[in-house]
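Below you'll find the structure, written out as structure tokens, and then a few comments.
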Amino acid sequence: NKRINDLGKVDDTLWLGSFEGLNYLDQYDIQKVHKVKNFSHHIKKLISWNDKLWIATHNNGIFLKVKGRYFQINKEGNGLYSNTIVNLYAENDSTLWAVTLKGISKIIVQKDYSFKVNNYLTQEYLLNNRLHSITKFLDNYWVTTDNGIIRFNPNLENKSETIPIMHLLSIVHSETVQGDEKHIELNYDQNDITFNYVAINFRGHENIRYYFKID
């Protein structure tokens, strides 16, 4: 597949992102970058900013190229909400916005090229989960979707602090089923316990974690 998805110019080099990975133009010949792990994946977007090249991939997060060094930003290592990147927007030299399959991520580049990632989930902030691009205009961010454009300002959005409702159905210990009694006393050797419960929350339900305190 010879399709080129995007271009970026850094260090007097023209870089090309394709379905087969990262390439660069050598005179009039296209050369493939082989030395960087995971660059064999589909590259969707390139953003050049000063001496930096941001590289968005289809399923492997984002790479930052700085003077011959490559830094990866992904879900597993940095908390990026999704490794499928739809688009990128460089706000300034240290702030990048990534439009992902699951929502929007704000990436702050530290001096040592570590990354701080803040995720803004589509369930919490946006009306449509098919996002395409983001840019800043005046004091707001504007996001394009399949259903038009949305004004987005993370500083003004209020996250819900309401604790999700949970209904305890039963407690099983030592093959004995208890109901939802308020007070249950167990011996020290009755330590094989299962809690059966139902809890529903439609706002960011993937990130809900439940903790139980046993006295």
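By order in the structure tokens, chains are A, B, ...; within a chain, residues start at 1; ligands start at 1, following the order shown.
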
Would you write out, as JSON lines, a table of all residues in stretch 4-108 of chain A that have an atom no more than 12 Å from an atom of stretch 144-147 of chain A, listing for each the closest atom pair and the distance in Å to one decimal, considering only C-alpha atoms and ordering rows by chain and rising residue number?
{"residue": "A:Val86", "atom": "CA", "partner": "A:Thr145", "partner_atom": "CA", "distance": 11.5}
{"residue": "A:Asn87", "atom": "CA", "partner": "A:Thr144", "partner_atom": "CA", "distance": 10.8}
{"residue": "A:Val99", "atom": "CA", "partner": "A:Thr144", "partner_atom": "CA", "distance": 10.1}
{"residue": "A:Leu101", "atom": "CA", "partner": "A:Thr145", "partner_atom": "CA", "distance": 11.9}
{"residue": "A:Gly103", "atom": "CA", "partner": "A:Thr145", "partner_atom": "CA", "distance": 11.3}
{"residue": "A:Ile104", "atom": "CA", "partner": "A:Thr144", "partner_atom": "CA", "distance": 11.7}

Problem set entry | Close residues, A:Asn5 itself excluded, 6 Å, only C-alpha atoms, min 2 positions apart in chain, as an MDAnalysis selection string | chainID A and resid 17:18 44

Problem set entry | Among the residues A:Ala90, A:Lys102, A:Leu16, A:Leu7, the one that comes closest to A:Asn50 [using only C-alpha atoms] |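 Among the listed residues, A:Ala90 lies closest to A:Asn50.
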
Could you give me the residues within stretch 23-135 of chain A that DSSP places in strand (DSSP E), as a short mmCIF file (atom, residue, chain, number, x, y, z; two decimals) with C-alpha atoms, in the first residue's frame?
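Output contents, as saved in out.cif:
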data_model
loop_
_atom_site.label_atom_id
_atom_site.label_comp_id
_atom_site.auth_asym_id
_atom_site.auth_seq_id
_atom_site.Cartn_x
_atom_site.Cartn_y
_atom_site.Cartn_z
CA ASN A 23 9.22 7.03 6.12
CA TYR A 24 11.38 9.93 5.05
CA LEU A 25 12.28 11.46 1.70
CA ASP A 26 15.89 10.93 0.59
CA ASP A 29 13.31 8.25 -2.97
CA ILE A 30 11.13 7.21 -0.05
CA GLN A 31 13.08 5.43 2.71
CA LYS A 32 11.47 3.46 5.53
CA ILE A 43 0.55 6.06 11.00
CA LYS A 44 -2.40 8.42 10.78
CA LYS A 45 -1.03 11.88 11.61
CA LEU A 46 2.25 13.80 11.82
CA ILE A 47 2.66 17.13 13.64
CA SER A 48 5.93 19.09 13.41
CA TRP A 49 6.69 21.71 16.05
CA LYS A 52 9.82 17.88 17.50
CA LEU A 53 7.83 15.44 15.42
CA TRP A 54 4.62 14.01 16.92
CA ILE A 55 3.58 10.71 15.36
CA ALA A 56 0.05 9.33 15.78
CA THR A 57 -0.49 5.63 15.13
CA ILE A 62 1.85 8.35 20.03
CA PHE A 63 5.58 8.75 19.41
CA LEU A 64 7.59 11.92 19.97
CA LYS A 65 10.78 12.31 17.93
CA VAL A 66 13.30 14.80 19.30
CA ARG A 69 15.44 10.10 20.05
CA TYR A 70 11.98 8.53 20.19
CA PHE A 71 9.60 8.56 23.16
CA GLN A 72 6.37 6.56 23.22
CA ILE A 73 3.09 7.61 24.85
CA ILE A 85 -5.23 7.98 17.68
CA VAL A 86 -7.59 9.84 15.36
CA ASN A 87 -5.90 13.26 15.26
CA LEU A 88 -3.39 15.53 17.03
CA TYR A 89 -3.28 19.23 17.91
CA ALA A 90 -0.11 20.91 19.23
CA THR A 95 1.22 20.65 25.27
CA LEU A 96 -0.35 18.22 22.83
CA TRP A 97 -4.01 17.27 22.49
CA ALA A 98 -4.79 13.81 21.14
CA VAL A 99 -8.17 12.86 19.73
CA THR A 100 -8.50 9.13 20.38
CA GLY A 103 -12.08 10.53 23.95
CA ILE A 104 -9.61 13.39 24.25
CA SER A 105 -6.24 13.27 26.02
CA LYS A 106 -4.14 16.28 27.02
CA ILE A 107 -0.42 15.48 27.10
CA ILE A 108 2.06 17.69 28.96
CA VAL A 109 5.73 17.16 28.07
CA PHE A 115 4.61 12.82 30.16
CA LYS A 116 1.62 13.85 32.22
CA VAL A 117 -1.65 12.71 30.65
CA ASN A 118 -5.13 14.01 31.49
CA ASN A 119 -8.03 12.15 29.88
CA TYR A 120 -11.38 13.67 29.06
CA LEU A 121 -13.78 10.84 28.35
CA LEU A 131 -14.52 12.60 17.23
CA HIS A 132 -12.33 13.91 14.41
CA SER A 133 -10.25 16.95 15.41
CA ILE A 134 -9.69 19.60 18.07
CA THR A 135 -8.33 23.15 18.04
#

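Rounded to one decimal, atom CA of A:Gly68 and atom CA of A:Asp6 lie 19.7 Å from each other.
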